[in-house]
Amino acid sequence: MCLVVLGATSPNKLYVQIGLIFCGMQPIVSTCMAMTKSDVKKYTMDLLTLSYIRKPSSSQETCASENNNDSS
């Protein structure tokens, strides 16, 4: 941000362009750093593969197994 602010006040606009490149790279680098954590990677893959929709929750599995035992 310092390069953007300093570049805006100087006649040379090169500093603004360099500052904007760093501003654009920051979220990409932050996302890559977060994806190195195993829990973030697991939850992201669960979200992308829609496993929250396709997989029954543990309470539903418990109820289903209880119903199967009652009907036998």
# chains A, B, ... in the order shown; residues from 1 in each chain; ligands from 1

call {"tool": "select_by_dssp", "arguments": {"residues": "segment 2-57 of chain A", "states": "alpha helix (DSSP H)", "output": "VMD selection string"}}
result
chain A and resid 2 to 9 14 to 34 38 to 48 51 to 54

call {"tool": "residues_around", "arguments": {"residues": "segment 19-27 of chain A", "least_positions_apart": "6", "cutoff": "7 Å", "atoms": "only C-alpha atoms", "output": "PyMOL selection string"}}
result
chain A and resi 1+3-4

call {"tool": "write_last_selection", "arguments": {"atoms": "N, CA and C atoms", "output": "short mmCIF file (atom, residue, chain, number, x, y, z; two decimals), in the first residue's frame"}}
result
data_model
loop_
_atom_site.label_atom_id
_atom_site.label_comp_id
_atom_site.auth_asym_id
_atom_site.auth_seq_id
_atom_site.Cartn_x
_atom_site.Cartn_y
_atom_site.Cartn_z
N MET A 1 0.83 -1.19 0.00
CA MET A 1 0.00 0.00 0.00
C MET A 1 0.87 1.25 0.00
N LEU A 3 3.66 1.66 -1.58
CA LEU A 3 4.05 1.95 -2.96
C LEU A 3 2.92 2.61 -3.74
N VAL A 4 1.70 2.21 -3.49
CA VAL A 4 0.56 2.81 -4.18
C VAL A 4 0.40 4.27 -3.76
#

call {"tool": "atom_distance", "arguments": {"atom1": "atom CA of Lys41 of chain A", "atom2": "atom CA of Ile28 of chain A"}}
result
15.3 Å

call {"tool": "atom_distance", "arguments": {"atom1": "atom CA of Lys42 of chain A", "atom2": "atom CA of Ser30 of chain A"}}
result
17.1 Å
